[in-house]
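See below for model_12.txt, which holds compact mmCIF, C-alpha atoms.
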# COMPACT_ATOMS: atom_id res chain seq x y z
CA MET A 1084 -39.13 -128.37 -81.66
CA LEU A 1085 -35.74 -127.04 -82.82
CA TYR A 1086 -35.57 -129.92 -85.30
CA TYR A 1087 -38.76 -128.74 -87.01
CA PHE A 1088 -37.87 -125.06 -86.76
CA LEU A 1089 -34.53 -125.51 -88.52
CA ASN A 1090 -36.13 -127.65 -91.20
CA TYR A 1091 -38.79 -124.98 -91.71
CA LEU A 1092 -36.17 -122.25 -92.14
CA LYS A 1093 -34.31 -124.38 -94.66
CA THR A 1094 -37.30 -125.46 -96.77
CA GLU A 1095 -39.39 -122.29 -96.70
CA PHE A 1096 -36.80 -119.52 -96.55
CA LYS A 1097 -33.66 -121.30 -97.79
CA ILE A 1098 -31.89 -120.28 -94.56
CA SER A 1099 -29.27 -122.71 -93.33
CA VAL A 1100 -28.21 -122.14 -89.75
CA ILE A 1101 -24.56 -122.95 -89.09
CA GLY A 1102 -24.45 -126.36 -87.42
CA GLY A 1103 -28.16 -126.90 -88.11
CA GLY A 1104 -27.41 -130.04 -90.08
CA MET A 1105 -26.25 -131.70 -86.87
CA PHE A 1106 -29.87 -131.86 -85.74
CA GLN A 1107 -30.47 -134.56 -88.36
CA TYR A 1108 -28.31 -136.91 -86.27
CA ILE A 1109 -29.96 -138.52 -83.29
CA THR A 1110 -26.64 -138.90 -81.46
CA PHE A 1111 -26.13 -135.12 -81.55
CA ARG A 1112 -29.62 -134.45 -80.22
CA VAL A 1113 -29.13 -137.07 -77.50
CA THR A 1114 -25.94 -135.34 -76.41
CA MET A 1115 -27.57 -131.91 -76.41
CA ALA A 1116 -30.56 -133.17 -74.42
CA LEU A 1117 -28.23 -134.67 -71.83
CA LEU A 1118 -26.19 -131.49 -71.50
CA LEU A 1119 -29.21 -129.20 -71.32
CA SER A 1120 -30.88 -131.37 -68.68
CA LEU A 1121 -27.70 -131.14 -66.59
CA VAL A 1122 -27.62 -127.36 -66.99
CA ILE A 1123 -31.28 -127.02 -65.99
CA SER A 1124 -31.01 -129.28 -62.96
CA LEU A 1125 -27.68 -127.86 -61.75
CA LEU A 1126 -28.09 -124.13 -62.43
CA PHE A 1127 -31.82 -123.64 -62.08
CA GLY A 1128 -32.11 -126.32 -59.41
CA LYS A 1129 -30.42 -124.04 -56.89
CA ARG A 1130 -32.92 -121.28 -57.64
CA ILE A 1131 -35.84 -123.67 -57.22
CA ILE A 1132 -34.42 -124.83 -53.87
CA ARG A 1133 -34.15 -121.22 -52.68
CA PHE A 1134 -37.72 -120.58 -53.78
CA LEU A 1135 -38.93 -123.65 -51.85
CA GLN A 1136 -37.01 -122.47 -48.78
CA LYS A 1137 -38.47 -118.98 -49.08
CA LYS A 1138 -41.99 -120.38 -49.27
CA GLN A 1139 -41.17 -122.71 -46.35
CA ILE A 1140 -42.08 -125.78 -48.40
CA GLY A 1141 -40.26 -128.17 -46.08
CA GLU A 1142 -40.45 -131.85 -45.25
CA THR A 1143 -42.48 -132.93 -42.23
CA ILE A 1144 -40.75 -135.84 -40.52
CA ARG A 1145 -42.57 -138.71 -38.85
CA GLU A 1146 -40.94 -139.98 -35.68
CA LEU A 1147 -39.60 -143.40 -36.71
CA GLY A 1148 -36.68 -143.63 -34.34
CA LEU A 1149 -34.12 -143.49 -37.16
CA GLN A 1150 -30.68 -141.99 -36.77
CA GLY A 1151 -30.44 -138.42 -38.10
CA GLU A 1152 -34.11 -138.05 -38.97
CA ASN A 1153 -34.52 -134.84 -36.97
CA THR A 1154 -31.82 -133.11 -39.03
CA LYS A 1155 -33.98 -133.57 -42.14
CA LYS A 1156 -36.90 -131.62 -40.72
CA GLY A 1157 -37.62 -128.54 -42.78
CA THR A 1158 -35.53 -129.66 -45.77
CA PRO A 1159 -37.24 -128.38 -48.94
CA THR A 1160 -39.42 -130.97 -50.66
CA MET A 1161 -41.25 -131.11 -54.01
CA GLY A 1162 -37.81 -131.00 -55.62
CA GLY A 1163 -39.16 -133.42 -58.19
CA LEU A 1164 -40.09 -130.25 -60.09
CA ILE A 1165 -36.36 -129.89 -60.85
CA ILE A 1166 -36.19 -133.36 -62.38
CA LEU A 1167 -39.41 -132.93 -64.36
CA SER A 1168 -38.24 -129.59 -65.78
CA ALA A 1169 -34.88 -131.08 -66.73
CA ILE A 1170 -36.68 -133.90 -68.56
CA VAL A 1171 -39.53 -132.13 -70.31
CA ILE A 1172 -37.76 -128.99 -71.61
CA PRO A 1173 -34.86 -130.73 -73.44
CA THR A 1174 -37.25 -133.32 -74.87
CA LEU A 1175 -39.54 -130.63 -76.27
CA LEU A 1176 -36.56 -128.81 -77.78
CA PHE A 1177 -34.60 -131.68 -79.32
CA ALA A 1178 -37.01 -134.56 -80.00
CA GLN A 1179 -39.20 -135.10 -83.06
CA LEU A 1180 -42.54 -134.32 -81.46
CA ALA A 1181 -44.55 -136.16 -84.12
CA ASN A 1182 -43.23 -139.43 -82.66
CA VAL A 1183 -45.94 -141.34 -80.80
CA TYR A 1184 -43.46 -142.69 -78.24
CA ILE A 1185 -42.31 -139.20 -77.31
CA TRP A 1186 -45.84 -137.96 -76.65
CA LEU A 1187 -46.70 -141.11 -74.71
CA ILE A 1188 -43.68 -140.88 -72.42
CA LEU A 1189 -44.16 -137.12 -71.91
CA LEU A 1190 -47.76 -137.83 -70.91
CA SER A 1191 -46.57 -140.46 -68.41
CA THR A 1192 -44.09 -137.97 -66.95
CA VAL A 1193 -46.57 -135.13 -66.51
CA TRP A 1194 -49.46 -137.39 -65.45
CA LEU A 1195 -47.74 -139.04 -62.49
CA GLY A 1196 -45.83 -135.85 -61.74
CA LEU A 1197 -49.15 -134.08 -61.19
CA ILE A 1198 -50.44 -136.88 -58.96
CA GLY A 1199 -47.27 -136.71 -56.88
CA PHE A 1200 -47.45 -132.91 -56.78
CA LEU A 1201 -51.02 -133.09 -55.43
CA ASP A 1202 -49.86 -135.55 -52.76
CA ASP A 1203 -47.00 -133.25 -51.72
CA TYR A 1204 -49.28 -130.20 -51.77
CA ILE A 1205 -51.69 -131.84 -49.33
CA LYS A 1206 -48.81 -132.83 -47.03
CA VAL A 1207 -47.10 -129.44 -47.06
CA PHE A 1208 -49.87 -126.88 -47.34
CA LYS A 1209 -52.79 -128.78 -45.80
CA LYS A 1210 -50.52 -130.16 -43.03
CA ASN A 1211 -51.89 -133.66 -43.64
CA LYS A 1212 -49.04 -136.15 -43.21
CA GLU A 1213 -51.00 -138.88 -45.01
CA GLY A 1214 -51.17 -136.83 -48.21
CA LEU A 1215 -53.37 -137.92 -51.10
CA ALA A 1216 -55.51 -140.94 -50.26
CA GLY A 1217 -54.05 -144.18 -51.57
CA ARG A 1218 -57.12 -145.02 -53.63
CA PHE A 1219 -56.74 -141.80 -55.62
CA LYS A 1220 -53.09 -142.58 -56.34
CA ILE A 1221 -54.10 -146.02 -57.57
CA MET A 1222 -56.84 -144.53 -59.71
CA GLY A 1223 -54.31 -142.19 -61.31
CA GLN A 1224 -51.88 -145.05 -61.97
CA VAL A 1225 -54.64 -147.21 -63.42
CA GLY A 1226 -55.76 -144.32 -65.63
CA LEU A 1227 -52.26 -143.90 -67.00
CA GLY A 1228 -51.99 -147.65 -67.54
CA LEU A 1229 -55.19 -147.59 -69.58
CA ILE A 1230 -53.87 -144.80 -71.80
CA VAL A 1231 -50.44 -146.38 -72.30
CA GLY A 1232 -51.89 -149.85 -72.89
CA CYS A 1233 -54.55 -148.70 -75.37
CA THR A 1234 -52.08 -146.53 -77.28
CA LEU A 1235 -49.45 -149.25 -77.63
CA TYR A 1236 -52.01 -151.87 -78.61
CA PHE A 1237 -54.20 -149.93 -81.04
CA ASN A 1238 -52.08 -147.09 -82.49
CA THR A 1239 -50.90 -148.04 -86.00
CA ASP A 1240 -47.62 -146.15 -85.52
CA VAL A 1241 -46.62 -148.60 -82.77
CA VAL A 1242 -45.23 -151.52 -84.75
CA VAL A 1243 -42.37 -154.01 -84.91
CA SER A 1244 -40.51 -154.99 -88.06
CA ARG A 1245 -40.81 -158.55 -89.40
CA GLU A 1246 -38.97 -160.29 -92.22
CA VAL A 1247 -41.32 -161.70 -94.86
CA MET A 1248 -40.30 -165.25 -95.61
CA GLY A 1249 -41.89 -168.01 -97.73
CA ALA A 1250 -45.56 -168.64 -98.28
CA LYS A 1251 -46.39 -167.98 -94.65
CA PRO A 1252 -44.96 -164.48 -94.20
CA LEU A 1253 -46.22 -163.63 -90.72
CA ALA A 1254 -46.58 -165.53 -87.50
CA PRO A 1255 -49.98 -166.02 -85.86
CA TYR A 1256 -51.45 -162.99 -84.09
CA GLU A 1257 -49.46 -160.59 -86.32
CA ARG A 1258 -51.21 -158.09 -88.60
CA GLN A 1259 -49.37 -156.14 -91.29
CA VAL A 1260 -49.89 -152.39 -91.29
CA THR A 1261 -50.66 -151.83 -94.95
CA ASN A 1262 -50.00 -148.07 -95.04
CA HIS A 1263 -46.39 -148.63 -93.93
CA PRO A 1264 -43.93 -149.23 -96.81
CA GLU A 1265 -41.90 -152.41 -97.05
CA ARG A 1266 -38.13 -152.27 -96.56
CA VAL A 1267 -35.82 -154.31 -98.76
CA THR A 1268 -32.20 -154.84 -97.73
CA ARG A 1269 -29.26 -155.05 -100.13
CA ASP A 1270 -29.24 -158.84 -99.93
CA GLY A 1271 -32.92 -159.02 -100.91
CA HIS A 1272 -34.59 -159.55 -97.51
CA ARG A 1273 -38.03 -157.96 -97.22
CA PHE A 1274 -39.30 -156.44 -93.99
CA VAL A 1275 -42.82 -155.24 -93.13
CA ASP A 1276 -44.28 -153.42 -90.12
CA VAL A 1277 -46.77 -155.42 -88.09
CA LYS A 1278 -49.07 -154.90 -85.14
CA THR A 1279 -48.54 -157.58 -82.52
CA PRO A 1280 -48.68 -157.73 -78.70
CA ILE A 1281 -45.19 -159.12 -78.32
CA THR A 1282 -42.45 -158.76 -75.74
CA THR A 1283 -38.97 -160.10 -74.92
CA ILE A 1284 -38.24 -163.09 -72.71
CA PRO A 1285 -34.76 -163.17 -71.18
CA PHE A 1286 -32.36 -166.13 -71.21
CA VAL A 1287 -34.17 -168.22 -73.86
CA LYS A 1288 -33.18 -168.81 -77.48
CA ASN A 1289 -36.62 -168.02 -78.88
CA HIS A 1290 -36.64 -164.76 -76.92
CA GLU A 1291 -39.97 -163.31 -78.04
CA PHE A 1292 -43.32 -163.99 -76.46
CA ASN A 1293 -46.77 -163.05 -77.74
CA TYR A 1294 -49.42 -162.25 -75.15
CA SER A 1295 -52.04 -163.89 -77.36
CA LYS A 1296 -50.49 -167.27 -76.59
CA LEU A 1297 -51.65 -166.98 -72.98
CA ILE A 1298 -55.27 -167.28 -74.04
CA SER A 1299 -54.93 -169.03 -77.42
CA TRP A 1300 -56.11 -172.30 -75.86
CA ILE A 1301 -59.58 -170.72 -75.53
CA PRO A 1302 -61.34 -170.81 -78.94
CA GLY A 1303 -61.77 -167.28 -80.32
CA ALA A 1304 -60.15 -165.65 -77.29
CA GLU A 1305 -57.28 -164.08 -79.30
CA LYS A 1306 -59.46 -161.12 -80.25
CA TYR A 1307 -59.62 -160.17 -76.56
CA THR A 1308 -55.84 -160.10 -76.14
CA PHE A 1309 -56.05 -156.32 -75.73
CA VAL A 1310 -57.83 -156.81 -72.37
CA LEU A 1311 -55.02 -159.02 -71.08
CA TYR A 1312 -52.34 -156.70 -72.43
CA ILE A 1313 -53.85 -153.57 -70.88
CA LEU A 1314 -54.22 -155.31 -67.50
CA VAL A 1315 -50.52 -156.25 -67.61
CA VAL A 1316 -49.57 -152.65 -68.45
CA ILE A 1317 -51.70 -151.31 -65.57
CA PHE A 1318 -50.10 -153.75 -63.14
CA ILE A 1319 -46.56 -152.89 -64.23
CA ILE A 1320 -47.03 -149.11 -64.05
CA THR A 1321 -48.72 -149.33 -60.65
CA ALA A 1322 -46.11 -151.69 -59.21
CA VAL A 1323 -43.01 -149.87 -60.46
CA SER A 1324 -44.22 -146.38 -59.58
CA ASN A 1325 -45.09 -147.54 -56.06
CA GLY A 1326 -41.74 -149.34 -55.81
CA ALA A 1327 -39.90 -146.13 -56.71
CA ASN A 1328 -42.03 -144.21 -54.24
CA LEU A 1329 -41.12 -146.59 -51.40
CA THR A 1330 -37.43 -146.51 -52.37
CA ASP A 1331 -37.33 -142.73 -51.93
CA GLY A 1332 -36.51 -142.83 -48.24
CA LEU A 1333 -32.79 -142.00 -48.06
CA ASP A 1334 -30.71 -139.17 -49.45
CA GLY A 1335 -29.86 -139.92 -53.09
CA LEU A 1336 -31.22 -143.46 -53.04
CA ALA A 1337 -34.13 -143.31 -55.51
CA THR A 1338 -32.38 -140.67 -57.64
CA GLY A 1339 -29.23 -142.74 -58.15
CA VAL A 1340 -31.09 -146.00 -58.72
CA SER A 1341 -33.42 -144.36 -61.28
CA GLY A 1342 -30.54 -142.76 -63.18
CA ILE A 1343 -28.71 -146.10 -63.46
CA ILE A 1344 -31.86 -147.86 -64.67
CA GLY A 1345 -32.36 -145.04 -67.18
CA ILE A 1346 -28.93 -145.72 -68.70
CA GLY A 1347 -29.86 -149.38 -69.19
CA LEU A 1348 -33.20 -148.48 -70.79
CA GLY A 1349 -31.41 -145.98 -73.04
CA ILE A 1350 -29.22 -148.78 -74.37
CA PHE A 1351 -32.27 -150.96 -74.99
CA ALA A 1352 -34.07 -148.14 -76.81
CA TYR A 1353 -31.09 -147.27 -78.99
CA VAL A 1354 -30.26 -150.81 -80.15
CA SER A 1355 -33.92 -151.76 -80.66
CA GLY A 1356 -34.49 -148.59 -82.69
CA ASN A 1357 -31.41 -149.11 -84.88
CA ILE A 1358 -31.89 -151.71 -87.62
CA GLN A 1359 -28.18 -152.59 -87.84
CA PHE A 1360 -27.79 -153.22 -84.11
CA ALA A 1361 -31.12 -155.06 -83.94
CA GLU A 1362 -30.07 -157.37 -86.78
CA TYR A 1363 -26.64 -158.00 -85.23
CA LEU A 1364 -28.07 -158.76 -81.78
CA ASN A 1365 -30.97 -160.73 -83.29
CA ILE A 1366 -33.56 -158.70 -81.39
CA MET A 1367 -36.78 -157.16 -82.61
CA TYR A 1368 -36.42 -153.94 -84.56
CA ILE A 1369 -38.92 -151.28 -83.48
CA PRO A 1370 -39.15 -148.48 -86.06
CA ASN A 1371 -38.92 -144.89 -84.76
CA LEU A 1372 -37.98 -146.06 -81.27
CA GLY A 1373 -34.52 -144.48 -81.42
CA GLU A 1374 -36.07 -141.05 -80.92
CA LEU A 1375 -36.89 -142.15 -77.39
CA SER A 1376 -33.15 -142.04 -76.63
CA ILE A 1377 -33.43 -138.23 -76.50
CA PHE A 1378 -35.99 -138.40 -73.71
CA ILE A 1379 -33.94 -140.99 -71.84
CA ALA A 1380 -30.81 -138.83 -72.10
CA ALA A 1381 -32.74 -135.94 -70.54
CA PHE A 1382 -34.07 -138.34 -67.88
CA VAL A 1383 -30.57 -139.52 -66.94
CA GLY A 1384 -29.20 -135.96 -67.00
CA GLY A 1385 -32.04 -134.76 -64.77
CA CYS A 1386 -31.35 -137.53 -62.23
CA ILE A 1387 -27.61 -136.83 -62.19
CA GLY A 1388 -28.13 -133.08 -61.82
CA PHE A 1389 -30.68 -133.54 -59.05
CA LEU A 1390 -28.33 -135.94 -57.27
CA TRP A 1391 -25.92 -132.99 -56.88
CA TYR A 1392 -28.36 -131.53 -54.35
CA ASN A 1393 -30.03 -134.75 -53.18
CA ALA A 1394 -26.89 -136.66 -52.19
CA TYR A 1395 -26.18 -136.91 -48.46
CA PRO A 1396 -26.75 -134.59 -46.72
CA ALA A 1397 -29.67 -133.70 -48.95
CA GLN A 1398 -30.41 -130.05 -49.65
CA VAL A 1399 -33.74 -130.98 -51.22
CA PHE A 1400 -36.08 -133.97 -51.41
CA MET A 1401 -37.89 -134.95 -54.60
CA GLY A 1402 -41.11 -135.80 -52.78
CA ASP A 1403 -43.84 -137.81 -54.45
CA THR A 1404 -43.70 -135.27 -57.28
CA GLY A 1405 -40.46 -136.92 -58.34
CA SER A 1406 -40.64 -140.49 -57.06
CA LEU A 1407 -44.02 -141.38 -58.57
CA ALA A 1408 -43.01 -139.80 -61.87
CA LEU A 1409 -39.64 -141.61 -61.96
CA GLY A 1410 -41.30 -144.98 -61.36
CA GLY A 1411 -43.98 -144.32 -63.96
CA ILE A 1412 -41.36 -143.22 -66.51
CA ILE A 1413 -39.28 -146.36 -65.99
CA ALA A 1414 -42.33 -148.62 -66.24
CA SER A 1415 -43.62 -146.91 -69.40
CA LEU A 1416 -40.18 -147.00 -71.02
CA ALA A 1417 -39.78 -150.71 -70.29
CA ILE A 1418 -43.19 -151.45 -71.83
CA ILE A 1419 -42.53 -149.27 -74.89
CA VAL A 1420 -39.18 -150.94 -75.65
CA ARG A 1421 -40.88 -154.31 -75.03
CA LYS A 1422 -38.60 -155.28 -72.18
CA GLU A 1423 -41.21 -155.36 -69.41
CA LEU A 1424 -40.35 -158.95 -68.47
CA LEU A 1425 -36.84 -157.72 -67.63
CA ILE A 1426 -38.21 -155.33 -64.98
CA PRO A 1427 -37.63 -157.79 -62.08
CA ILE A 1428 -33.95 -157.79 -63.10
CA PHE A 1429 -33.02 -154.15 -63.75
CA CYS A 1430 -35.58 -152.83 -61.23
CA GLY A 1431 -34.41 -155.33 -58.61
CA VAL A 1432 -34.03 -152.68 -55.91
CA PHE A 1433 -37.54 -151.33 -56.48
CA LEU A 1434 -38.90 -154.89 -56.43
CA VAL A 1435 -37.16 -155.82 -53.19
CA GLU A 1436 -38.26 -152.59 -51.49
CA LEU A 1437 -41.87 -153.21 -52.54
CA LEU A 1438 -41.80 -156.86 -51.48
CA SER A 1439 -40.24 -155.97 -48.12
CA VAL A 1440 -43.23 -153.79 -47.29
CA MET A 1441 -45.76 -156.34 -48.53
CA LEU A 1442 -44.15 -159.20 -46.59
CA GLN A 1443 -43.73 -157.12 -43.43
CA VAL A 1444 -47.37 -156.02 -43.40
CA SER A 1445 -48.72 -159.47 -44.33
CA TYR A 1446 -46.63 -161.27 -41.70
CA PHE A 1447 -47.55 -158.73 -39.03
CA LYS A 1448 -51.27 -159.18 -39.72
CA TYR A 1449 -50.96 -162.96 -39.87
CA THR A 1450 -49.08 -163.27 -36.57
CA LYS A 1451 -51.39 -160.81 -34.84
CA LYS A 1452 -54.38 -162.89 -35.88
CA LYS A 1453 -52.72 -166.18 -34.92
CA TYR A 1454 -50.77 -165.27 -31.78
CA GLY A 1455 -52.56 -162.13 -30.60
CA GLU A 1456 -49.56 -159.92 -31.23
CA GLY A 1457 -47.94 -158.78 -34.46
CA ARG A 1458 -44.43 -159.94 -35.30
CA ARG A 1459 -42.01 -158.55 -37.84
CA ILE A 1460 -39.64 -160.08 -40.35
CA LEU A 1461 -37.54 -156.92 -40.60
CA LYS A 1462 -36.76 -154.34 -37.94
CA MET A 1463 -38.51 -151.82 -40.19
CA SER A 1464 -39.72 -151.66 -43.77
CA PRO A 1465 -38.96 -150.70 -46.50
CA LEU A 1466 -35.69 -152.62 -46.57
CA HIS A 1467 -33.41 -149.57 -46.48
CA HIS A 1468 -34.84 -148.62 -43.06
CA HIS A 1469 -34.04 -152.12 -41.80
CA TYR A 1470 -30.37 -151.52 -42.57
CA GLN A 1471 -30.57 -148.15 -40.84
CA LYS A 1472 -31.95 -149.84 -37.75
CA ILE A 1473 -29.04 -152.28 -37.57
CA GLY A 1474 -26.53 -149.44 -37.72
CA TYR A 1475 -25.60 -148.76 -41.35
CA HIS A 1476 -25.14 -145.11 -42.31
CA GLU A 1477 -27.65 -143.98 -44.92
CA SER A 1478 -24.98 -142.88 -47.41
CA LYS A 1479 -23.46 -146.38 -47.31
CA ILE A 1480 -26.89 -147.94 -47.85
CA SER A 1481 -27.59 -145.68 -50.83
CA VAL A 1482 -24.23 -146.35 -52.51
CA ARG A 1483 -24.55 -150.10 -52.02
CA PHE A 1484 -28.04 -150.07 -53.49
CA TRP A 1485 -26.59 -148.17 -56.47
CA ILE A 1486 -23.95 -150.88 -56.87
CA VAL A 1487 -26.61 -153.59 -56.75
CA THR A 1488 -28.59 -151.72 -59.40
CA ILE A 1489 -25.52 -151.45 -61.65
CA MET A 1490 -25.07 -155.22 -61.43
CA CYS A 1491 -28.77 -155.79 -62.16
CA VAL A 1492 -28.68 -153.49 -65.20
CA VAL A 1493 -25.53 -155.20 -66.53
CA VAL A 1494 -27.24 -158.59 -66.24
CA ALA A 1495 -30.33 -157.22 -68.01
CA ILE A 1496 -28.22 -155.84 -70.88
CA ALA A 1497 -26.34 -159.14 -71.10
CA THR A 1498 -29.63 -160.93 -71.79
CA LEU A 1499 -29.47 -159.45 -75.30
CA LYS A 1500 -26.91 -162.15 -76.07
CA MET A 1501 -27.25 -164.60 -73.15
CA ARG A 1502 -29.77 -167.16 -74.40

Any chance you could give the structure as structure tokens?
Amino acid sequence: MLYYFLNYLKTEFKISVIGGGMFQYITFRVTMALLLSLVISLLFGKRIIRFLQKKQIGETIRELGLQGENTKKGTPTMGGLIILSAIVIPTLLFAQLANVYIWLILLSTVWLGLIGFLDDYIKVFKKNKEGLAGRFKIMGQVGLGLIVGCTLYFNTDVVVSREVMGAKPLAPYERQVTNHPERVTRDGHRFVDVKTPITTIPFVKNHEFNYSKLISWIPGAEKYTFVLYILVVIFIITAVSNGANLTDGLDGLATGVSGIIGIGLGIFAYVSGNIQFAEYLNIMYIPNLGELSIFIAAFVGGCIGFLWYNAYPAQVFMGDTGSLALGGIIASLAIIVRKELLIPIFCGVFLVELLSVMLQVSYFKYTKKKYGEGRRILKMSPLHHHYQKIGYHESKISVRFWIVTIMCVVVAIATLKMR
């Protein structure tokens, strides 16, 4: 918003604001978004916490037999509003709002934030510990997946850059966007923007994979690639948002893990949106993607600022308002930067937490049917509660999960050159 306002003053009224030229540089706007998100989450976060305390919007604790759980009773929840504010406001102020990726990721943030808010509202104000019914959460996640998938597949502003070479300029399943100008480098290489359902495969030399290849063996099936692509997007958004939701069970756990993942995604977005870095790393160049770095900076700043109050002992919980939104943001970002196949690596903690619940429930049902009594693989799921049960302090569990996430993100970033 400020970017357009300063340009308007300069072009229409010939007014040049001191320092206004800095807004032309994405690195400056990234820095400002990060700083503002920290200010919002740190300074205004305290006021929001006091408001939640005044309104008695506190957490209701289920008796799980975990150490220290009674001390958390009454702790303000719905603190995800702090994170969402720290993300949305800096993005609106410093990003170029005409960018399709910015609008898409803002929609993902608000969409799942509202679903989580409704879940928390039912728990707190309606005194229903179950919250929003699971089927309605899934419907909301599927709805967002449909919007994200359709936008990325059909919108002509969502393209990748391809070098035109020889008589056969484009690979199969790639369609040139004719209203986008060609780019010619100093050494004579020609690049065009194309529409193609393509993603990145880690650890292989030919590191790009086209979704159309999955059904190309069926004659004429390529024209239905959009159905396959949208289903994949729906699955990813649903899985990651639920994984983040399950991870939010200890003070600072989901917040720290999400912030670390955000840093990794910010690196992916910046190098993929910069033609020099993309050429050097031999990765796909995605025009206009660099603008997404501003949102990611606000995302990371919001997580860090919220962690100030959410670290053990937590003064506020994010609730589903925050956890569902964080998971949806991470999933949408990974899909937009075309690194969704790296999700099992950099979202390793979310994946393990989700699998721990699925395996625990499945094994319990299987053994109950076979032996007449249910048996468990873990002492309790999700996995972080298992470690609590065997005597680990929750702050140690959270920090160690952060360390694991750092290692996962480093491995994911290394895949840019490890082939």

Problem - Contact residues around Leu1121 of chain A with all atoms listed in the file at 6 Å, ignoring same-chain residues under 4 positions, as a list in words - result: Leu1125, Gly1384, Gly1385 and Gly1388 of chain A

Residues as selected, C-alpha atoms, written as a PDB file, in the coordinates of the input, can you do that?
ATOM      1  CA  LEU A1125     -27.680-127.860 -61.750  1.00  0.00           C
ATOM      2  CA  GLY A1384     -29.200-135.960 -67.000  1.00  0.00           C
ATOM      3  CA  GLY A1385     -32.040-134.760 -64.770  1.00  0.00           C
ATOM      4  CA  GLY A1388     -28.130-133.080 -61.820  1.00  0.00           C
TER       5      GLY A1388
END

Problem - Distance in Å - atom CA of Lys1479 of chain A versus atom CA of Ala1394 of chain A - result: 11.4 Å

Can you pull out the residues contacting segment 1376-1379 of chain A? Cut-off 9 Å, using all atoms listed in the file, and skip same-chain residues under 2 positions away; I want them as a compact mmCIF listing (two decimals) with C-alpha atoms, in the coordinates of the input.
# COMPACT_ATOMS: atom_id res chain seq x y z
CA ILE A 1109 -29.96 -138.52 -83.29
CA THR A 1110 -26.64 -138.90 -81.46
CA ARG A 1112 -29.62 -134.45 -80.22
CA VAL A 1113 -29.13 -137.07 -77.50
CA THR A 1114 -25.94 -135.34 -76.41
CA MET A 1115 -27.57 -131.91 -76.41
CA ALA A 1116 -30.56 -133.17 -74.42
CA LEU A 1117 -28.23 -134.67 -71.83
CA ILE A 1170 -36.68 -133.90 -68.56
CA VAL A 1171 -39.53 -132.13 -70.31
CA PRO A 1173 -34.86 -130.73 -73.44
CA THR A 1174 -37.25 -133.32 -74.87
CA LEU A 1175 -39.54 -130.63 -76.27
CA PHE A 1177 -34.60 -131.68 -79.32
CA ALA A 1178 -37.01 -134.56 -80.00
CA ILE A 1185 -42.31 -139.20 -77.31
CA ILE A 1188 -43.68 -140.88 -72.42
CA LEU A 1189 -44.16 -137.12 -71.91
CA GLY A 1345 -32.36 -145.04 -67.18
CA ILE A 1346 -28.93 -145.72 -68.70
CA LEU A 1348 -33.20 -148.48 -70.79
CA GLY A 1349 -31.41 -145.98 -73.04
CA ILE A 1350 -29.22 -148.78 -74.37
CA ALA A 1352 -34.07 -148.14 -76.81
CA TYR A 1353 -31.09 -147.27 -78.99
CA LEU A 1372 -37.98 -146.06 -81.27
CA GLY A 1373 -34.52 -144.48 -81.42
CA GLU A 1374 -36.07 -141.05 -80.92
CA ALA A 1381 -32.74 -135.94 -70.54
CA PHE A 1382 -34.07 -138.34 -67.88
CA VAL A 1383 -30.57 -139.52 -66.94
CA GLY A 1384 -29.20 -135.96 -67.00
CA LEU A 1416 -40.18 -147.00 -71.02

Residues of segment 1250-1339 of chain A that have any atom at most 9 Å from an atom of segment 1220-1233 of chain A: could you tabulate them with the shortest-distance atom pair and the distance in Å to one decimal, using only C-alpha atoms, ordered by chain and increasing number, as a tab-separated table?
residue	atom	partner	partner_atom	distance
A:Phe1309	CA	A:Cys1233	CA	7.8
A:Tyr1312	CA	A:Gly1232	CA	6.9
A:Ile1313	CA	A:Gly1232	CA	4.7
A:Leu1314	CA	A:Gly1228	CA	8.0
A:Val1315	CA	A:Gly1232	CA	8.4
A:Val1316	CA	A:Gly1228	CA	5.6
A:Ile1317	CA	A:Gly1228	CA	4.2
A:Phe1318	CA	A:Gly1228	CA	7.8
A:Ile1319	CA	A:Gly1228	CA	8.2
A:Ile1320	CA	A:Gly1228	CA	6.2
A:Thr1321	CA	A:Gln1224	CA	5.5
A:Ser1324	CA	A:Gln1224	CA	8.1

Can you spit out the residues from that selection as a short mmCIF file (atom, residue, chain, number, x, y, z; two decimals), keeping the file's coordinate frame, using C-alpha atoms?
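This went into result.cif:
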data_model
loop_
_atom_site.label_atom_id
_atom_site.label_comp_id
_atom_site.auth_asym_id
_atom_site.auth_seq_id
_atom_site.Cartn_x
_atom_site.Cartn_y
_atom_site.Cartn_z
CA PHE A 1309 -56.05 -156.32 -75.73
CA TYR A 1312 -52.34 -156.70 -72.43
CA ILE A 1313 -53.85 -153.57 -70.88
CA LEU A 1314 -54.22 -155.31 -67.50
CA VAL A 1315 -50.52 -156.25 -67.61
CA VAL A 1316 -49.57 -152.65 -68.45
CA ILE A 1317 -51.70 -151.31 -65.57
CA PHE A 1318 -50.10 -153.75 -63.14
CA ILE A 1319 -46.56 -152.89 -64.23
CA ILE A 1320 -47.03 -149.11 -64.05
CA THR A 1321 -48.72 -149.33 -60.65
CA SER A 1324 -44.22 -146.38 -59.58
#

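Rounded to one decimal, atom CA of Lys1422 of chain A and atom CA of Ile1489 of chain A lie 17.2 Å from each other.
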
Practice task
Pick out the residues sitting within 12 Å of segment 1238-1245 of chain A, and hand them over as an MDAnalysis selection string; count all atoms listed in the file, and ignore anything fewer than 3 positions along from it in its own chain.
Solution key: chainID A and resid 1181:1185 1187 1230:1235 1248 1252:1254 1257:1267 1272:1282 1291 1355:1358 1361:1362 1365:1372 1418:1421

Exercise for the section: Take atom CA of Ala1169 of chain A and atom CA of Tyr1392 of chain A and report the distance between them in Å, one decimal. Expected result: 14.0 Å
